[in-house]
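Peer 1: Input data09.pdb, format and content: PDB, C-alpha atoms.
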ATOM      1  CA  MET A1178      49.959  10.425  12.030
ATOM      2  CA  SER A1179      47.948  12.692  14.305
ATOM      3  CA  GLU A1180      48.688  16.394  14.669
ATOM      4  CA  ALA A1181      49.633  16.035  18.359
ATOM      5  CA  VAL A1182      52.204  13.316  17.614
ATOM      6  CA  LYS A1183      53.678  15.401  14.772
ATOM      7  CA  GLN A1184      54.016  18.452  17.031
ATOM      8  CA  GLU A1185      55.714  16.376  19.737
ATOM      9  CA  GLN A1186      58.174  14.922  17.248
ATOM     10  CA  GLN A1187      58.934  18.395  15.892
ATOM     11  CA  GLY A1188      60.216  19.340  19.357
ATOM     12  CA  ALA A1189      57.533  21.921  20.195
ATOM     13  CA  GLY A1190      57.948  20.882  23.837
ATOM     14  CA  SER A1191      59.543  18.235  25.995
ATOM     15  CA  SER A1192      58.498  16.184  28.964
ATOM     16  CA  ALA A1193      61.463  17.566  30.973
ATOM     17  CA  LEU A1194      60.269  21.124  30.370
ATOM     18  CA  GLY A1195      56.716  20.098  31.209
ATOM     19  CA  ILE A1196      57.750  18.488  34.489
ATOM     20  CA  THR A1197      60.039  21.421  35.394
ATOM     21  CA  ALA A1198      57.216  23.897  34.731
ATOM     22  CA  ALA A1199      54.738  21.793  36.706
ATOM     23  CA  VAL A1200      57.012  21.444  39.758
ATOM     24  CA  ALA A1201      57.943  25.151  39.645
ATOM     25  CA  GLY A1202      54.270  26.093  39.284
ATOM     26  CA  TRP A1203      53.300  23.928  42.240
ATOM     27  CA  ALA A1204      56.085  25.268  44.475
ATOM     28  CA  ILE A1205      55.348  28.932  43.735
ATOM     29  CA  PRO A1206      52.067  29.707  41.947
ATOM     30  CA  GLY A1207      52.792  31.256  38.547
ATOM     31  CA  LEU A1208      56.456  30.248  38.466
ATOM     32  CA  GLY A1209      55.744  27.434  36.002
ATOM     33  CA  HIS A1210      54.354  29.923  33.503
ATOM     34  CA  LEU A1211      57.271  32.249  34.206
ATOM     35  CA  VAL A1212      59.639  29.408  33.223
ATOM     36  CA  LEU A1213      57.595  29.092  30.014
ATOM     37  CA  ARG A1214      57.799  32.875  29.457
ATOM     38  CA  GLN A1215      54.073  33.418  29.750
ATOM     39  CA  TRP A1216      54.352  36.609  31.744
ATOM     40  CA  SER A1217      50.730  37.694  32.003
ATOM     41  CA  LYS A1218      49.506  34.262  33.066
ATOM     42  CA  ALA A1219      52.314  33.966  35.612
ATOM     43  CA  LEU A1220      51.379  37.305  37.181
ATOM     44  CA  VAL A1221      47.637  36.627  37.234
ATOM     45  CA  TYR A1222      48.031  33.120  38.691
ATOM     46  CA  PHE A1223      50.444  34.328  41.361
ATOM     47  CA  LEU A1224      48.164  37.189  42.390
ATOM     48  CA  CYS A1225      44.954  35.142  42.335
ATOM     49  CA  VAL A1226      46.244  31.982  44.021
ATOM     50  CA  GLY A1227      48.532  33.884  46.399
ATOM     51  CA  GLY A1228      45.852  36.457  47.204
ATOM     52  CA  LEU A1229      43.232  33.797  47.883
ATOM     53  CA  ALA A1230      45.637  31.741  50.021
ATOM     54  CA  CYS A1231      46.798  34.764  52.053
ATOM     55  CA  ALA A1232      43.220  35.994  52.475
ATOM     56  CA  GLY A1233      42.190  32.529  53.674
ATOM     57  CA  LEU A1234      44.996  32.466  56.223
ATOM     58  CA  ALA A1235      44.366  36.068  57.312
ATOM     59  CA  MET A1236      40.703  35.160  57.884
ATOM     60  CA  ARG A1237      42.041  32.500  60.271
ATOM     61  CA  GLY A1238      40.954  29.586  58.149
ATOM     62  CA  GLY A1239      41.971  26.055  59.082
ATOM     63  CA  VAL A1240      44.838  24.258  57.368
ATOM     64  CA  PHE A1241      44.447  20.487  57.124
ATOM     65  CA  GLY A1242      47.227  18.193  58.323
ATOM     66  CA  GLY A1243      48.212  15.031  56.485
ATOM     67  CA  ASN A1244      47.867  12.622  59.395
ATOM     68  CA  SER A1245      44.125  12.806  59.970
ATOM     69  CA  PRO A1246      42.196   9.493  59.836
ATOM     70  CA  ASP A1247      39.157  11.284  58.347
ATOM     71  CA  MET A1248      38.851  10.963  54.552
ATOM     72  CA  PHE A1249      37.452  14.497  54.071
ATOM     73  CA  ASP A1250      40.304  15.954  56.104
ATOM     74  CA  ARG A1251      42.766  14.076  53.890
ATOM     75  CA  LEU A1252      41.070  15.476  50.779
ATOM     76  CA  GLY A1253      41.365  18.911  52.376
ATOM     77  CA  PHE A1254      45.049  18.241  52.996
ATOM     78  CA  PHE A1255      45.648  17.491  49.314
ATOM     79  CA  ALA A1256      43.715  20.617  48.329
ATOM     80  CA  ASP A1257      45.727  22.738  50.782
ATOM     81  CA  LEU A1258      49.003  21.161  49.657
ATOM     82  CA  GLY A1259      48.249  22.467  46.156
ATOM     83  CA  THR A1260      49.124  25.990  47.277
ATOM     84  CA  GLY A1261      52.800  24.974  47.432
ATOM     85  CA  VAL A1262      54.911  27.429  49.380
ATOM     86  CA  PHE A1263      51.858  28.977  51.018
ATOM     87  CA  TYR A1264      51.056  25.641  52.680
ATOM     88  CA  PHE A1265      54.523  25.424  54.214
ATOM     89  CA  LEU A1266      54.434  29.089  55.285
ATOM     90  CA  ALA A1267      50.879  28.847  56.625
ATOM     91  CA  HIS A1268      51.902  28.825  60.288
ATOM     92  CA  THR A1269      54.243  31.783  59.737
ATOM     93  CA  ILE A1270      51.623  33.839  57.890
ATOM     94  CA  GLN A1271      48.862  32.831  60.295
ATOM     95  CA  SER A1272      50.608  33.490  63.583
ATOM     96  CA  ALA A1273      47.357  33.643  65.599
ATOM     97  CA  GLY A1274      46.275  30.153  64.495
ATOM     98  CA  PRO A1275      42.965  29.080  62.966
ATOM     99  CA  ASP A1276      39.573  30.107  64.341
ATOM    100  CA  VAL A1277      36.854  28.200  62.507
ATOM    101  CA  ALA A1278      34.250  28.899  65.187
ATOM    102  CA  HIS A1279      33.426  32.117  63.323
ATOM    103  CA  ALA A1280      32.094  32.457  59.783
ATOM    104  CA  SER A1281      35.202  34.287  58.554
ATOM    105  CA  GLY A1282      37.428  31.407  59.692
ATOM    106  CA  ASP A1283      35.192  28.923  57.907
ATOM    107  CA  TYR A1284      35.327  31.024  54.737
ATOM    108  CA  GLY A1285      39.099  31.214  55.134
ATOM    109  CA  THR A1286      39.343  27.414  55.204
ATOM    110  CA  ARG A1287      37.422  27.205  51.898
ATOM    111  CA  MET A1288      39.452  30.015  50.340
ATOM    112  CA  PHE A1289      42.754  28.349  51.168
ATOM    113  CA  ALA A1290      41.585  24.982  49.803
ATOM    114  CA  THR A1291      40.232  26.682  46.665
ATOM    115  CA  ALA A1292      43.583  28.422  46.150
ATOM    116  CA  GLY A1293      45.231  24.982  46.231
ATOM    117  CA  MET A1294      42.791  23.512  43.718
ATOM    118  CA  LEU A1295      43.174  26.514  41.404
ATOM    119  CA  ASN A1296      46.944  26.153  41.569
ATOM    120  CA  LEU A1297      46.717  22.463  40.668
ATOM    121  CA  LEU A1298      44.750  23.477  37.554
ATOM    122  CA  THR A1299      47.444  25.998  36.617
ATOM    123  CA  VAL A1300      50.096  23.301  37.211
ATOM    124  CA  LEU A1301      48.310  20.992  34.772
ATOM    125  CA  GLU A1302      48.189  23.814  32.224
ATOM    126  CA  ALA A1303      51.908  24.561  32.698
ATOM    127  CA  TYR A1304      52.683  20.877  32.166
ATOM    128  CA  GLU A1305      50.621  20.765  28.966
ATOM    129  CA  ILE A1306      52.273  23.935  27.633
ATOM    130  CA  GLY A1307      55.720  22.582  28.512
ATOM    131  CA  ARG A1308      54.960  19.367  26.657
ATOM    132  CA  GLY A1309      53.903  21.407  23.629
ATOM    133  CA  ARG A1310      50.349  20.126  23.657
ATOM    134  CA  ARG A1311      48.896  23.539  24.378
ATOM    135  CA  ALA A1312      49.922  27.073  23.432
TER     136      ALA A1312
ATOM    137  CA  MET B 382      46.454  42.066  57.475
ATOM    138  CA  ASN B 383      44.598  39.715  59.849
ATOM    139  CA  SER B 384      42.294  42.434  61.181
ATOM    140  CA  LEU B 385      41.557  43.646  57.647
ATOM    141  CA  PHE B 386      40.424  40.245  56.398
ATOM    142  CA  SER B 387      38.780  38.898  59.549
ATOM    143  CA  GLY B 388      36.444  41.892  59.488
ATOM    144  CA  LEU B 389      35.127  41.154  55.989
ATOM    145  CA  THR B 390      31.377  40.869  55.564
ATOM    146  CA  HIS B 391      29.872  37.790  53.892
ATOM    147  CA  PHE B 392      29.379  39.741  50.661
ATOM    148  CA  GLN B 393      32.937  41.099  50.656
ATOM    149  CA  ALA B 394      34.337  37.588  51.182
ATOM    150  CA  LEU B 395      32.126  36.292  48.366
ATOM    151  CA  THR B 396      33.271  39.095  46.061
ATOM    152  CA  LEU B 397      36.952  38.436  46.795
ATOM    153  CA  PHE B 398      36.497  34.708  46.199
ATOM    154  CA  SER B 399      34.555  35.245  42.960
ATOM    155  CA  LEU B 400      37.095  37.760  41.670
ATOM    156  CA  ALA B 401      40.085  35.442  42.106
ATOM    157  CA  VAL B 402      38.364  32.304  40.806
ATOM    158  CA  SER B 403      36.766  33.956  37.747
ATOM    159  CA  LEU B 404      40.004  35.672  36.760
ATOM    160  CA  THR B 405      41.948  32.397  36.994
ATOM    161  CA  PHE B 406      39.280  30.493  35.038
ATOM    162  CA  ALA B 407      39.262  33.214  32.360
ATOM    163  CA  PHE B 408      43.030  32.892  31.851
ATOM    164  CA  LEU B 409      42.886  29.091  31.951
ATOM    165  CA  SER B 410      40.087  28.639  29.465
ATOM    166  CA  LYS B 411      40.203  31.570  27.023
ATOM    167  CA  ARG B 412      42.718  33.191  24.703
ATOM    168  CA  GLY B 413      42.794  36.857  23.820
ATOM    169  CA  ALA B 414      41.997  39.841  26.012
ATOM    170  CA  LEU B 415      38.423  40.347  24.813
ATOM    171  CA  GLU B 416      37.442  36.690  25.208
ATOM    172  CA  ARG B 417      38.965  36.631  28.671
ATOM    173  CA  ALA B 418      37.256  39.866  29.706
ATOM    174  CA  LYS B 419      33.871  38.569  28.557
ATOM    175  CA  TYR B 420      34.347  35.224  30.312
ATOM    176  CA  PHE B 421      35.569  36.932  33.488
ATOM    177  CA  ALA B 422      32.567  39.279  33.602
ATOM    178  CA  TRP B 423      30.153  36.416  32.949
ATOM    179  CA  ALA B 424      31.674  34.070  35.551
ATOM    180  CA  PHE B 425      32.052  36.818  38.176
ATOM    181  CA  LEU B 426      28.417  37.939  37.849
ATOM    182  CA  ALA B 427      27.225  34.316  37.784
ATOM    183  CA  PHE B 428      29.085  33.596  41.047
ATOM    184  CA  LEU B 429      27.508  36.620  42.729
ATOM    185  CA  LEU B 430      23.980  36.091  41.387
ATOM    186  CA  VAL B 431      23.876  32.363  42.138
ATOM    187  CA  ALA B 432      25.217  32.873  45.686
ATOM    188  CA  ILE B 433      22.726  35.671  46.385
ATOM    189  CA  GLY B 434      19.920  33.573  44.838
ATOM    190  CA  ILE B 435      20.750  30.563  46.998
ATOM    191  CA  GLY B 436      20.969  32.885  50.013
ATOM    192  CA  TRP B 437      17.443  34.143  49.359
ATOM    193  CA  LEU B 438      16.143  30.593  48.855
ATOM    194  CA  MET B 439      17.627  29.514  52.197
ATOM    195  CA  TYR B 440      16.371  32.582  54.064
ATOM    196  CA  PRO B 441      13.008  31.039  55.184
ATOM    197  CA  PHE B 442      14.841  28.118  56.808
ATOM    198  CA  SER B 443      16.912  30.449  58.992
ATOM    199  CA  GLN B 444      13.841  31.663  60.925
TER     200      GLN B 444
END
Written as structure tokens, that's how I'd like the structure from this file.

Peer 2:
Amino acid sequence: MSEAVKQEQQGAGSSALGITAAVAGWAIPGLGHLVLRQWSKALVYFLCVGGLACAGLAMRGGVFGGNSPDMFDRLGFFADLGTGVFYFLAHTIQSAGPDVAHASGDYGTRMFATAGMLNLLTVLEAYEIGRGRRA
Amino acid sequence: MNSLFSGLTHFQALTLFSLAVSLTFAFLSKRGALERAKYFAWAFLAFLLVAIGIGWLMYPFSQ
């Protein structure tokens, strides 16, 4: 019997905890690790993902919508959606709207999408920790 | 906040981006403070050096 199967049977983690941590981590960056009592990771992920997302919005970066027929825009939408609450608050935070005609707006678009991708990585890690496959 | 960030130079934006990404990668991939600090420093400098290097390589095409 492999070590991973043994650990799972010993109750080191559960799929319910993994899914809860993943959903919490997606909704608010770092919350998944907070649920798992990994304080330092929760703080760092919240500050990095949140900081990058807010900086991207403050630089008037574009936020992709889900109804675009263009494939790259749809990929951008999934990347942006990874930021969780920041995606849904984007229009509140960015009251002036996007301005991608300038370099800072273009950088902002990339920063916001990168924040989403980073958060998806942290969500995967939270899920693995919750399942007991990773410490 | 908008005026603060929209006035960032290219290098400041690059530094902010590199800082956040390297710190997240360090916590995702390494355990222990020293390992994370070393990985963070390496990734952060690599981001900056590679971006500046590519910038210099592209400079002749901007003329």

Peer 1: Would you tabulate, counting all atoms listed in the file, all residues of region 1180-1286 of chain A that have an atom at most 10 Å from an atom of region 391-412 of chain B, showing the closest pair of atoms and their distance in Å to one decimal, sorted by chain then ascending number, as a tab-separated table?

Peer 2:
residue	atom	partner	partner_atom	distance
A:Ser1217	CA	B:Phe408	CA	9.1
A:Lys1218	CA	B:Phe408	CA	6.7
A:Val1221	CA	B:Thr405	CA	7.1
A:Tyr1222	CA	B:Thr405	CA	6.4
A:Phe1223	CA	B:Thr405	CA	9.7
A:Leu1224	CA	B:Ala401	CA	8.3
A:Cys1225	CA	B:Ala401	CA	4.9
A:Val1226	CA	B:Ala401	CA	7.3
A:Gly1227	CA	B:Ala401	CA	9.6
A:Gly1228	CA	B:Ala401	CA	7.8
A:Leu1229	CA	B:Ala401	CA	6.8
A:Ala1232	CA	B:Leu397	CA	8.8
A:Gly1233	CA	B:Phe398	CA	9.6
A:Met1236	CA	B:Ala394	CA	9.6
A:Ala1280	CA	B:His391	CA	8.3
A:Ser1281	CA	B:His391	CA	7.9
A:Tyr1284	CA	B:Ala394	CA	7.5
A:Gly1285	CA	B:Ala394	CA	8.9

Peer 1: Report as an MDAnalysis selection string the full result of the PyMOL selection byres ((chain A and resi 1262-1265) around 7) when it is applied to this structure.

Peer 2: chainID A and resid 1204:1205 1230 1257:1258 1260:1261 1266:1267

Peer 1: If you measure from CA of Thr1197 (chain A) to CA of Ala414 (chain B), what distance in Å do you get, rounded to one decimal?

Peer 2: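 Computed distance, CA of Thr1197 (chain A) to CA of Ala414 (chain B), equals 27.4 Å.
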
Peer 1: Do you know which residues the PyMOL selection byres ((chain A and resi 1235) around 8) returns on this file, as a list in words?

Peer 2: Cys1231, Ala1232, Gly1233, Leu1234, Met1236, Arg1237, Gly1238, Ile1270, Gln1271 and Gly1285 of chain A; Met382, Asn383, Ser384, Phe386 and Ser387 of chain B

Peer 1: Interatomic distance between CA of Gly1242 (chain A) and CA of Gly1293 (chain A)?

Peer 2: 14.0 Å

Peer 1: May I have the residues within 8 Å of Ala1199 (chain A) as a VMD selection string, using only C-alpha atoms and disregarding those fewer than 2 positions away in the same chain?

Peer 2: chain A and resid 1195 to 1197 1201 to 1203 1209 1300 to 1301 1303 to 1304

Peer 1: Quick one, how far is CA of Gln1215 (chain A) from CA of Met1288 (chain A)?

Peer 2: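 Computing it gives 25.5 Å between the two atoms.
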
Peer 1: For Thr390 (chain B), which of A:Ala1290, A:His1279, A:Arg1251, A:Gly1239 is the closest residue, counting all atoms listed in the file?

Peer 2: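 Of the candidates, the smallest distance to Thr390 (chain B) is held by A:His1279.
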
Peer 1: Rank B:Ala422, B:Leu389, B:Ala432, B:Met439 by their smallest atom-to-atom distance to chain A, using only C-alpha atoms, and report the top residue only.

Peer 2: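 The answer is B:Leu389, which sits nearest to chain A.
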
Peer 1: My list of candidates is A:Leu1252, A:Val1212, A:Leu1194, A:Ala1292. Which is closest to chain B when distances are computed with only C-alpha atoms?

Peer 2: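 Answer, going by the shortest atom-to-atom distance: A:Ala1292.
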
Peer 1: Using all atoms listed in the file, pick whichever of A:Thr1269, A:Thr1286, A:Thr1291, A:Ser1245 has the shortest atom-to-atom distance to chain B.

Peer 2: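 That would be A:Thr1291, the residue with the smallest distance to chain B.
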
Peer 1: For each of A:Val1240, A:Ala1193, A:Val1200, A:Leu1208, take the minimum atom-to-atom distance to Gly1282 (chain A), counting all atoms listed in the file, then give the residue where this is smallest.

Peer 2: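 Among the listed residues, A:Val1240 lies closest to Gly1282 (chain A).
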
Peer 1: Just checking: using all atoms listed in the file, which residue out of B:Ser443, B:Leu385, B:Lys419, B:Ile435 ends up closest to chain A?

Peer 2: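 The shortest atom-to-atom distance to chain A comes from B:Leu385.
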